[in-house]
Structures are given as structure tokens and as C-alpha cells.
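Student: Dropping in input02.cif, which is mmCIF, C-alpha atoms and all ligand atoms:
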data_data
#
loop_
_atom_site.label_atom_id
_atom_site.label_comp_id
_atom_site.auth_asym_id
_atom_site.auth_seq_id
_atom_site.Cartn_x
_atom_site.Cartn_y
_atom_site.Cartn_z
CA MET A 1271 142.92 108.18 25.45
CA LYS A 1272 146.49 106.96 25.01
CA THR A 1273 149.28 109.53 25.01
CA THR A 1274 152.72 109.80 23.40
CA ALA A 1275 154.13 108.54 26.73
CA ASN A 1276 151.95 105.42 26.44
CA PHE A 1277 153.28 104.75 22.93
CA GLN A 1278 156.83 105.08 24.23
CA LYS A 1279 156.03 102.63 27.04
CA MET A 1280 154.47 100.19 24.59
CA LYS A 1281 157.70 100.14 22.61
CA GLN A 1282 159.73 99.54 25.76
CA ASN A 1283 157.39 96.67 26.71
CA SER A 1284 157.46 95.24 23.17
CA GLU A 1285 153.70 95.68 22.95
CA LYS A 1286 152.72 96.23 19.33
CA ILE A 1287 151.07 99.54 18.49
CA THR A 1288 148.08 99.46 16.11
CA MET A 1289 147.11 102.34 13.89
CA MET A 1290 144.34 102.48 11.29
CA THR A 1291 143.18 105.25 9.03
CA ALA A 1292 139.69 106.71 9.29
CA TYR A 1293 138.33 109.64 7.31
CA ASP A 1294 134.80 110.01 8.60
CA ALA A 1295 132.75 109.65 11.79
CA PRO A 1296 131.26 106.16 11.29
CA ALA A 1297 134.63 104.67 10.29
CA ALA A 1298 136.36 106.36 13.23
CA ARG A 1299 133.67 105.00 15.58
CA LEU A 1300 134.23 101.43 14.35
CA VAL A 1301 138.01 101.79 14.45
CA GLU A 1302 137.80 103.10 18.02
CA GLN A 1303 135.49 100.24 19.01
CA ALA A 1304 138.00 97.79 17.54
CA GLY A 1305 140.47 99.03 20.14
CA THR A 1306 143.07 100.63 17.91
CA ASP A 1307 145.79 102.60 19.70
CA MET A 1308 145.86 105.46 17.21
CA ILE A 1309 143.80 106.75 14.31
CA LEU A 1310 145.49 108.26 11.28
CA VAL A 1311 143.53 110.75 9.21
CA GLY A 1312 145.87 110.13 6.31
CA ASP A 1313 146.10 112.15 3.14
CA SER A 1314 145.52 108.77 1.48
CA LEU A 1315 141.92 110.01 1.75
CA GLY A 1316 142.69 111.85 -1.50
CA MET A 1317 142.94 108.51 -3.29
CA VAL A 1318 140.63 106.40 -1.15
CA VAL A 1319 137.61 108.67 -0.75
CA LEU A 1320 138.11 111.77 -2.91
CA GLY A 1321 138.93 109.94 -6.14
CA TYR A 1322 142.31 111.52 -6.94
CA ASP A 1323 145.08 109.30 -8.28
CA SER A 1324 147.69 110.54 -5.81
CA THR A 1325 147.88 112.48 -2.53
CA ILE A 1326 149.24 115.59 -4.28
CA PRO A 1327 145.86 117.39 -4.74
CA VAL A 1328 144.86 117.07 -1.06
CA THR A 1329 144.54 120.45 0.71
CA VAL A 1330 144.66 121.55 4.33
CA ASP A 1331 140.90 122.24 4.11
CA ASP A 1332 140.32 118.63 2.98
CA MET A 1333 142.39 117.36 5.90
CA LEU A 1334 140.54 119.62 8.31
CA LEU A 1335 137.08 118.50 7.18
CA HIS A 1336 137.97 114.82 7.55
CA THR A 1337 139.87 115.27 10.82
CA LYS A 1338 136.82 116.96 12.34
CA ALA A 1339 134.59 114.13 11.16
CA ALA A 1340 136.95 111.44 12.52
CA ARG A 1341 137.15 113.23 15.86
CA ARG A 1342 133.34 113.37 16.14
CA GLY A 1343 133.26 109.61 15.64
CA ALA A 1344 136.15 108.76 17.97
CA ARG A 1345 136.30 111.05 20.98
CA ASN A 1346 138.64 108.82 22.98
CA THR A 1347 141.33 107.84 20.51
CA PHE A 1348 144.62 109.60 19.78
CA ILE A 1349 144.30 111.10 16.30
CA VAL A 1350 147.20 111.89 13.99
CA ALA A 1351 146.40 114.12 11.00
CA ASP A 1352 148.59 114.29 7.91
CA MET A 1353 150.00 117.64 6.86
CA PRO A 1354 149.24 117.52 3.11
CA PHE A 1355 151.49 118.17 0.10
CA LEU A 1356 153.59 121.34 0.33
CA SER A 1357 151.85 122.61 3.46
CA TYR A 1358 155.02 122.47 5.61
CA HIS A 1359 157.85 123.64 3.35
CA ALA A 1360 157.29 127.29 2.46
CA ASN A 1361 157.85 128.87 5.88
CA LEU A 1362 157.32 128.17 9.54
CA THR A 1363 154.52 130.71 9.92
CA GLU A 1364 152.43 128.88 7.35
CA THR A 1365 153.37 125.46 8.75
CA PHE A 1366 152.44 126.54 12.27
CA SER A 1367 149.10 127.97 11.15
CA TYR A 1368 148.13 124.68 9.46
CA ALA A 1369 149.24 122.53 12.40
CA LYS A 1370 147.29 124.87 14.67
CA ARG A 1371 144.13 124.47 12.60
CA LEU A 1372 144.42 120.68 12.48
CA MET A 1373 144.76 120.56 16.27
CA GLN A 1374 142.45 123.39 17.39
CA GLU A 1375 139.69 123.12 14.80
CA GLY A 1376 140.17 119.53 13.71
CA GLY A 1377 140.78 118.03 17.13
CA ALA A 1378 143.96 116.18 16.10
CA ASN A 1379 146.41 115.20 18.84
CA ALA A 1380 149.40 115.20 16.52
CA VAL A 1381 150.43 115.85 12.93
CA LYS A 1382 152.45 113.73 10.51
CA LEU A 1383 155.04 115.11 8.08
CA GLU A 1384 156.78 113.17 5.32
CA GLY A 1385 160.50 113.17 4.65
CA ALA A 1386 163.74 114.35 6.25
CA GLY A 1387 166.18 117.05 5.04
CA SER A 1388 164.74 120.48 5.78
CA VAL A 1389 161.67 118.84 7.33
CA ILE A 1390 163.86 117.84 10.30
CA ASN A 1391 164.26 121.47 11.37
CA THR A 1392 160.54 122.05 10.87
CA ILE A 1393 159.79 119.09 13.14
CA SER A 1394 162.07 120.44 15.85
CA LYS A 1395 160.31 123.84 15.67
CA LEU A 1396 156.88 122.19 15.87
CA THR A 1397 157.79 119.99 18.83
CA GLU A 1398 159.43 122.97 20.58
CA ALA A 1399 156.10 124.73 20.17
CA GLY A 1400 154.27 121.80 21.74
CA VAL A 1401 153.00 120.06 18.62
CA PRO A 1402 153.41 116.27 18.80
CA VAL A 1403 154.85 115.09 15.48
CA VAL A 1404 154.99 111.75 13.68
CA GLY A 1405 157.63 111.43 10.95
CA HIS A 1406 157.18 109.40 7.77
CA LEU A 1407 160.12 107.79 5.94
CA GLY A 1408 160.71 105.19 3.22
CA LEU A 1409 158.09 105.49 0.51
CA THR A 1410 156.75 109.01 1.00
CA PRO A 1411 153.76 109.28 -1.35
CA GLN A 1412 153.81 113.09 -1.50
CA ALA A 1413 157.21 112.75 -3.21
CA VAL A 1414 155.96 110.23 -5.79
CA GLY A 1415 156.99 112.53 -8.62
CA VAL A 1416 160.57 112.71 -7.35
CA LEU A 1417 160.75 109.01 -6.42
CA GLY A 1418 159.48 108.07 -9.89
CA GLY A 1419 156.64 105.87 -8.67
CA TYR A 1420 155.43 103.87 -5.69
CA ARG A 1421 158.48 101.68 -5.12
CA VAL A 1422 160.14 99.81 -2.28
CA GLN A 1423 162.77 102.05 -0.63
CA GLY A 1424 166.00 101.24 1.19
CA LYS A 1425 166.85 98.09 -0.74
CA ASP A 1426 170.60 98.75 -0.95
CA PRO A 1427 172.96 99.26 2.00
CA GLU A 1428 173.52 102.92 1.23
CA SER A 1429 169.85 103.91 1.12
CA ALA A 1430 169.09 101.70 4.14
CA ARG A 1431 171.83 103.48 6.11
CA LYS A 1432 170.39 106.81 4.98
CA LEU A 1433 166.98 105.74 6.35
CA VAL A 1434 168.52 104.92 9.72
CA ALA A 1435 170.33 108.28 9.80
CA ASP A 1436 167.13 110.12 8.86
CA ALA A 1437 165.13 108.24 11.49
CA LYS A 1438 167.69 109.11 14.17
CA ALA A 1439 167.55 112.76 13.05
CA LEU A 1440 163.74 112.78 13.30
CA GLU A 1441 163.99 111.29 16.77
CA GLU A 1442 166.56 113.92 17.72
CA ALA A 1443 164.25 116.63 16.35
CA GLY A 1444 161.55 115.48 18.74
CA ALA A 1445 159.25 113.26 16.66
CA PHE A 1446 157.48 110.82 19.00
CA ALA A 1447 157.00 108.11 16.35
CA ILE A 1448 157.87 107.42 12.73
CA VAL A 1449 155.76 105.76 10.05
CA VAL A 1450 158.02 103.73 7.77
CA GLU A 1451 156.47 102.72 4.48
CA CYS A 1452 157.46 100.08 1.95
CA VAL A 1453 160.98 99.01 2.97
CA PRO A 1454 162.51 95.52 3.26
CA GLU A 1455 161.54 93.81 6.52
CA GLN A 1456 165.19 93.79 7.57
CA VAL A 1457 165.24 97.57 7.33
CA GLY A 1458 162.02 97.84 9.34
CA LYS A 1459 163.62 95.69 12.02
CA MET A 1460 166.86 97.66 12.03
CA LEU A 1461 165.02 100.98 12.32
CA SER A 1462 163.01 99.67 15.27
CA GLU A 1463 166.18 98.47 16.98
CA LYS A 1464 168.18 101.65 16.36
CA CYS A 1465 165.47 104.13 17.31
CA ASN A 1466 164.19 104.84 20.78
CA ILE A 1467 160.84 106.06 19.48
CA PRO A 1468 158.22 103.68 18.02
CA ILE A 1469 158.50 102.75 14.35
CA ILE A 1470 155.05 102.18 12.86
CA GLY A 1471 155.43 100.09 9.74
CA ILE A 1472 153.36 99.72 6.60
CA GLY A 1473 154.98 97.29 4.22
CA ALA A 1474 157.98 97.19 6.57
CA GLY A 1475 157.74 93.67 7.95
CA VAL A 1476 156.59 92.18 11.25
CA ASP A 1477 159.41 93.48 13.45
CA THR A 1478 158.46 97.15 13.58
CA ASP A 1479 157.03 98.48 16.85
CA GLY A 1480 153.60 98.89 15.32
CA GLN A 1481 151.57 98.55 12.15
CA VAL A 1482 149.33 100.92 10.22
CA LEU A 1483 146.86 100.04 7.48
CA VAL A 1484 144.32 101.94 5.44
CA TYR A 1485 140.70 101.31 6.53
CA HIS A 1486 139.48 100.54 3.03
CA ASP A 1487 142.32 98.08 2.43
CA ILE A 1488 141.53 96.23 5.67
CA LEU A 1489 137.89 95.95 4.64
CA GLY A 1490 138.29 95.27 0.93
CA TYR A 1491 136.12 98.35 0.42
CA GLY A 1492 136.19 100.32 -2.82
CA GLU A 1493 137.75 100.01 -6.20
CA VAL A 1494 141.24 101.15 -5.30
CA HIS A 1495 144.22 98.93 -5.98
CA VAL A 1496 145.23 97.11 -2.81
CA PRO A 1497 149.03 97.20 -2.43
CA LYS A 1498 151.02 93.99 -1.81
CA PHE A 1499 151.74 95.01 1.78
CA ALA A 1500 148.08 95.41 2.75
CA LYS A 1501 145.91 92.58 3.96
CA SER A 1502 142.17 92.61 3.38
CA TYR A 1503 140.43 91.05 6.37
CA ALA A 1504 137.08 91.25 4.62
CA ASN A 1505 135.72 91.79 1.15
CA ILE A 1506 132.82 94.16 1.61
CA SER A 1507 132.62 95.66 -1.88
CA PRO A 1508 130.56 92.76 -3.31
CA ILE A 1509 128.25 92.95 -0.28
CA ILE A 1510 127.65 96.64 -0.91
CA GLU A 1511 127.25 96.05 -4.64
CA LYS A 1512 124.64 93.35 -4.06
CA ALA A 1513 122.64 95.49 -1.62
CA LEU A 1514 122.61 98.46 -3.98
CA LYS A 1515 121.56 96.35 -6.99
CA THR A 1516 118.81 94.68 -4.97
CA TYR A 1517 117.46 98.09 -3.96
CA VAL A 1518 117.35 99.26 -7.59
CA HIS A 1519 115.64 96.03 -8.62
CA GLU A 1520 113.06 96.14 -5.83
CA VAL A 1521 112.08 99.73 -6.60
CA LYS A 1522 111.63 98.90 -10.29
CA GLU A 1523 109.58 95.80 -9.40
CA LYS A 1524 107.52 97.65 -6.75
CA LYS A 1525 108.76 95.25 -4.08
CA PHE A 1526 110.04 98.19 -2.10
CA PRO A 1527 108.64 99.86 -0.08
CA ALA A 1528 106.54 97.10 1.46
CA ALA A 1529 103.72 97.60 3.97
CA GLU A 1530 106.14 97.63 6.89
CA HIS A 1531 108.01 100.61 5.39
CA SER A 1532 104.82 102.59 4.73
CA PHE A 1533 102.52 104.86 6.75
CA THR A 1534 98.73 104.60 6.60
CA MET A 1535 95.77 106.87 7.33
CA THR A 1536 92.83 105.65 9.42
CA GLU A 1537 89.71 104.58 7.49
CA ASP A 1538 87.89 107.63 8.84
CA ALA A 1539 90.54 110.05 7.74
CA LEU A 1540 90.62 108.34 4.37
CA SER A 1541 86.88 108.66 3.77
CA GLY A 1542 87.14 112.32 4.82
CA LEU A 1543 89.90 112.78 2.29
CA TYR A 1544 87.90 111.35 -0.62
CA GLY A 1545 84.68 112.97 0.69
O1 LIG A 1601 147.92 108.69 4.33
C1 LIG A 1601 148.07 107.56 4.84
O2 LIG A 1601 147.13 106.74 4.95
C2 LIG A 1601 149.40 107.21 5.34
C3 LIG A 1601 149.62 105.79 5.73
C4 LIG A 1601 149.71 104.95 4.50
C5 LIG A 1601 150.79 105.65 6.61
O3 LIG A 1601 150.24 108.06 5.42
NA NA A 1602 149.80 109.97 4.27
#
Give the structure from the file, written as C-alpha cells.
Tutor:
Amino acid sequence: MKTTANFQKMKQNSEKITMMTAYDAPAARLVEQAGTDMILVGDSLGMVVLGYDSTIPVTVDDMLLHTKAARRGARNTFIVADMPFLSYHANLTETFSYAKRLMQEGGANAVKLEGAGSVINTISKLTEAGVPVVGHLGLTPQAVGVLGGYRVQGKDPESARKLVADAKALEEAGAFAIVVECVPEQVGKMLSEKCNIPIIGIGAGVDTDGQVLVYHDILGYGEVHVPKFAKSYANISPIIEKALKTYVHEVKEKKFPAAEHSFTMTEDALSGLYG
């Protein structure tokens, strides 16, 4: 399994870091087999697999359940688990207890927290306590209500400079990497140049130190809206749809199960049965 030191080295060697989300064991197994450097059990699971329309309703228990499942599927991959909405702002005792659960019970190697401001101090306390932390800047979906929607961030010089300052503060606080979401590619590049820790981009251009995408977006799996910054490398929804419809049809038409899916009694047993 790769470590935070490996990710640091990869940045120094200009070797791109790959991260993908996975929320269950079979997905995590496939993602691990694909050779990803890190798995993210993202709170995007709220939208992608739980059917919510934002990440706001996701709870620590939800994150725990899915982190455990991902870990069972991928025993040898570094797993980052998202701290969900408002689970790291009330007080440090609560924050610590959630991070502890995600690591001890869930099997996560690190946690991810969105934002800067007071979160910076929280990150320094967590890292002091031995919890590896990934920051998350730019479009921070847990703050969608405050941001006023899912919009590109850091488009003007002032907000871009603020992103750089926040990223440096997260680095200073001890974060070992930062996810940067939905910013102009020039800002993604600048952040990667100015920071010593890896910048993992999503909608942040090609010059970040790594990339992260959502499993379902990569696969074209599900009904969710695929954002502009995601690339679908397959389109599996129609394949699933066709298989499911064919099953329904074959049952109705008595084409399934066929002989090869059925068990039979011997002739002797059968005559005994009917006497
Ligand atoms: O929850 C998630 O999947 C994320 C990625 C989009 C970075 O935070
Ligand atoms: Na997330």
C-alpha cells in the first residue's frame, strides 16, 4: 500500500497521482485492480448511490458503512474517507471521535475535510494527533448553500489568490494533500507550483499533481448528471438496462430458467414421489 510519503515523492518526481471514488466492495476491488494510487470514499455517495440531491444529508454512519465496504474490497490501497457535512465544526472532541471511527472501524488511512478558515486549526489538531488529512478547496460541495450553487471557483485574481493562501495554510497545518475542485486550469497549475504537497484536481486542469474522478462518472453508470469536468470512459447504463429488461422478458416468456439453470430428480426418485 502506498503511503503519504509515497505521494510526496510522486509529486517531487512529477509522477501523476490517480484517485478514484469507490463506495462498496466490488467497486473498490475493481478500482484497486486498475492500479489506482488512492481510493476516495467520498460523500458524493449521498448523490451517487443514496439518491440525495446534495451531500448535505450524508451522516458519519453512512460514511462508516461505505468505508468498511470499500476496505473489504481493497485491502491494499490507501483509502481516504470524507468527513461529512458539519461533522468537524462543532468541537474537537466530536471531530476526533468521528475521525477515530472512520480509521479504526472503517479502516480508512486518512480523512478529508472541506474548506479553510476554522477548519485549518482543526486540521492541525488532527495531524498533531496522528490523523493523516486531505484538504479540499475550490468548489466545496458541503457549502453549496453558501456558494449559491455548483460553480467554478477562483475565476478572478482575488479569489484565486485566496485559494493559494488557503492551500498554503492547509499545507502549514499538516495536510498531506489537497483536493481542488472546479477551478480554472491556470489556478490548478498555480496551486500545484506553489504548494509542496500534492494537489489532486477535479475540474482543475491537467497540470495538477493528480486527478480524482467519481467511479460512476468514469463508467457512465447511473442517472446522475455528469459534470463538464468528468470524462466517461464507458457507458454502462444502457448495458445494465438491456440486461435487466431481457431478464424480465425471459421470465414472462418462460425462456428463463432454461434446463441448464435447473435441477432435476432421478427417474427413480420421481416415480417414488408420484407413487
Ligand atoms: O465526495 C467526493 O467524491 C469528492 C470528490 C469529488 C473529490 O469529494
Ligand atoms: Na466529497
Student: How big is the axis-aligned box, and where does its centre sit, when it encloses all atoms of ligand LIG 1601 (chain A) listed in the file and has 3 Å added on every side, reported in Å to one decimal as lines of an AutoDock Vina configuration file?
Tutor:
center_x = 149.0
center_y = 106.8
center_z = 5.5
size_x = 9.7
size_y = 9.7
size_z = 8.3
Student: Can you tell me which residues come within 7 Å of ligand LIG 1601 (chain A) when counting only C-alpha atoms and all ligand atoms, ideally as a VMD selection string?
Tutor: chain A and resid 1291 1310 to 1315 1352 1449 1451 1472 1482 to 1484
Student: Write the selection just made, keeping C-alpha atoms, as a compact mmCIF listing (two decimals), keeping the file's coordinate frame?
Tutor:
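Writing done, so here's again_7.txt:
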# COMPACT_ATOMS: atom_id res chain seq x y z
CA THR A 1291 143.18 105.25 9.03
CA LEU A 1310 145.49 108.26 11.28
CA VAL A 1311 143.53 110.75 9.21
CA GLY A 1312 145.87 110.13 6.31
CA ASP A 1313 146.10 112.15 3.14
CA SER A 1314 145.52 108.77 1.48
CA LEU A 1315 141.92 110.01 1.75
CA ASP A 1352 148.59 114.29 7.91
CA VAL A 1449 155.76 105.76 10.05
CA GLU A 1451 156.47 102.72 4.48
CA ILE A 1472 153.36 99.72 6.60
CA VAL A 1482 149.33 100.92 10.22
CA LEU A 1483 146.86 100.04 7.48
CA VAL A 1484 144.32 101.94 5.44
Student: Neighbours of ligand NA 1602 (chain A) within 12 Å, counting only C-alpha atoms and all ligand atoms, as an mmCIF file with C-alpha atoms, keeping the file's coordinate frame?
Tutor:
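File produced: selection30.cif:
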data_model
loop_
_atom_site.group_PDB
_atom_site.id
_atom_site.type_symbol
_atom_site.label_atom_id
_atom_site.label_comp_id
_atom_site.auth_asym_id
_atom_site.auth_seq_id
_atom_site.Cartn_x
_atom_site.Cartn_y
_atom_site.Cartn_z
ATOM 1 C CA MET A 1290 144.340 102.480 11.290
ATOM 2 C CA THR A 1291 143.180 105.250 9.030
ATOM 3 C CA ALA A 1292 139.690 106.710 9.290
ATOM 4 C CA TYR A 1293 138.330 109.640 7.310
ATOM 5 C CA LEU A 1310 145.490 108.260 11.280
ATOM 6 C CA VAL A 1311 143.530 110.750 9.210
ATOM 7 C CA GLY A 1312 145.870 110.130 6.310
ATOM 8 C CA ASP A 1313 146.100 112.150 3.140
ATOM 9 C CA SER A 1314 145.520 108.770 1.480
ATOM 10 C CA LEU A 1315 141.920 110.010 1.750
ATOM 11 C CA GLY A 1316 142.690 111.850 -1.500
ATOM 12 C CA MET A 1317 142.940 108.510 -3.290
ATOM 13 C CA VAL A 1318 140.630 106.400 -1.150
ATOM 14 C CA SER A 1324 147.690 110.540 -5.810
ATOM 15 C CA THR A 1325 147.880 112.480 -2.530
ATOM 16 C CA ILE A 1326 149.240 115.590 -4.280
ATOM 17 C CA VAL A 1328 144.860 117.070 -1.060
ATOM 18 C CA MET A 1333 142.390 117.360 5.900
ATOM 19 C CA VAL A 1350 147.200 111.890 13.990
ATOM 20 C CA ALA A 1351 146.400 114.120 11.000
ATOM 21 C CA ASP A 1352 148.590 114.290 7.910
ATOM 22 C CA MET A 1353 150.000 117.640 6.860
ATOM 23 C CA PRO A 1354 149.240 117.520 3.110
ATOM 24 C CA PHE A 1355 151.490 118.170 0.100
ATOM 25 C CA VAL A 1381 150.430 115.850 12.930
ATOM 26 C CA LYS A 1382 152.450 113.730 10.510
ATOM 27 C CA LEU A 1383 155.040 115.110 8.080
ATOM 28 C CA GLU A 1384 156.780 113.170 5.320
ATOM 29 C CA GLY A 1385 160.500 113.170 4.650
ATOM 30 C CA VAL A 1404 154.990 111.750 13.680
ATOM 31 C CA GLY A 1405 157.630 111.430 10.950
ATOM 32 C CA HIS A 1406 157.180 109.400 7.770
ATOM 33 C CA LEU A 1407 160.120 107.790 5.940
ATOM 34 C CA GLY A 1408 160.710 105.190 3.220
ATOM 35 C CA LEU A 1409 158.090 105.490 0.510
ATOM 36 C CA THR A 1410 156.750 109.010 1.000
ATOM 37 C CA PRO A 1411 153.760 109.280 -1.350
ATOM 38 C CA GLN A 1412 153.810 113.090 -1.500
ATOM 39 C CA ALA A 1413 157.210 112.750 -3.210
ATOM 40 C CA VAL A 1414 155.960 110.230 -5.790
ATOM 41 C CA ILE A 1448 157.870 107.420 12.730
ATOM 42 C CA VAL A 1449 155.760 105.760 10.050
ATOM 43 C CA VAL A 1450 158.020 103.730 7.770
ATOM 44 C CA GLU A 1451 156.470 102.720 4.480
ATOM 45 C CA ILE A 1472 153.360 99.720 6.600
ATOM 46 C CA VAL A 1482 149.330 100.920 10.220
ATOM 47 C CA LEU A 1483 146.860 100.040 7.480
ATOM 48 C CA VAL A 1484 144.320 101.940 5.440
#
Student: Choose the residue, out of A:Ile1349, A:Ala1340, A:Phe1446, A:Cys1452, that has the smallest atom-to-atom separation from Pro1497 of chain A; count only C-alpha atoms.
Tutor: A:Cys1452
Student: Rounded to one decimal place, report the atom CA of Phe1348 of chain A-atom CA of Met1308 of chain A distance in Å.
Tutor: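 Spanning atom CA of Phe1348 of chain A to atom CA of Met1308 of chain A is a straight-line distance of 5.0 Å.
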Student: Neighbouring residues of Asp1487 of chain A were defined as those with any atom within 7 Å, considering all atoms listed in the file; residues of the same chain fewer than 4 positions away were excluded. Please report them as a PDB file with C-alpha atoms, in the coordinates of the input.
Tutor:
ATOM      1  CA  TYR A1491     136.120  98.350   0.420  1.00  0.00           C
ATOM      2  CA  VAL A1496     145.230  97.110  -2.810  1.00  0.00           C
ATOM      3  CA  ALA A1500     148.080  95.410   2.750  1.00  0.00           C
ATOM      4  CA  LYS A1501     145.910  92.580   3.960  1.00  0.00           C
ATOM      5  CA  SER A1502     142.170  92.610   3.380  1.00  0.00           C
TER       6      SER A1502
END
Student: Please, what distance in Å, to one decimal, runs between atom CA of Ser1284 of chain A and atom CA of Lys1459 of chain A?
Tutor: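 Straight-line distance from atom CA of Ser1284 of chain A to atom CA of Lys1459 of chain A works out to 12.7 Å.
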Student: Would you work out the distance separating atom CA of Ala1369 of chain A from atom CA of Arg1341 of chain A, expressed in Å to one decimal?
Tutor: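 About the pair atom CA of Ala1369 of chain A and atom CA of Arg1341 of chain A: they are 15.6 Å apart.
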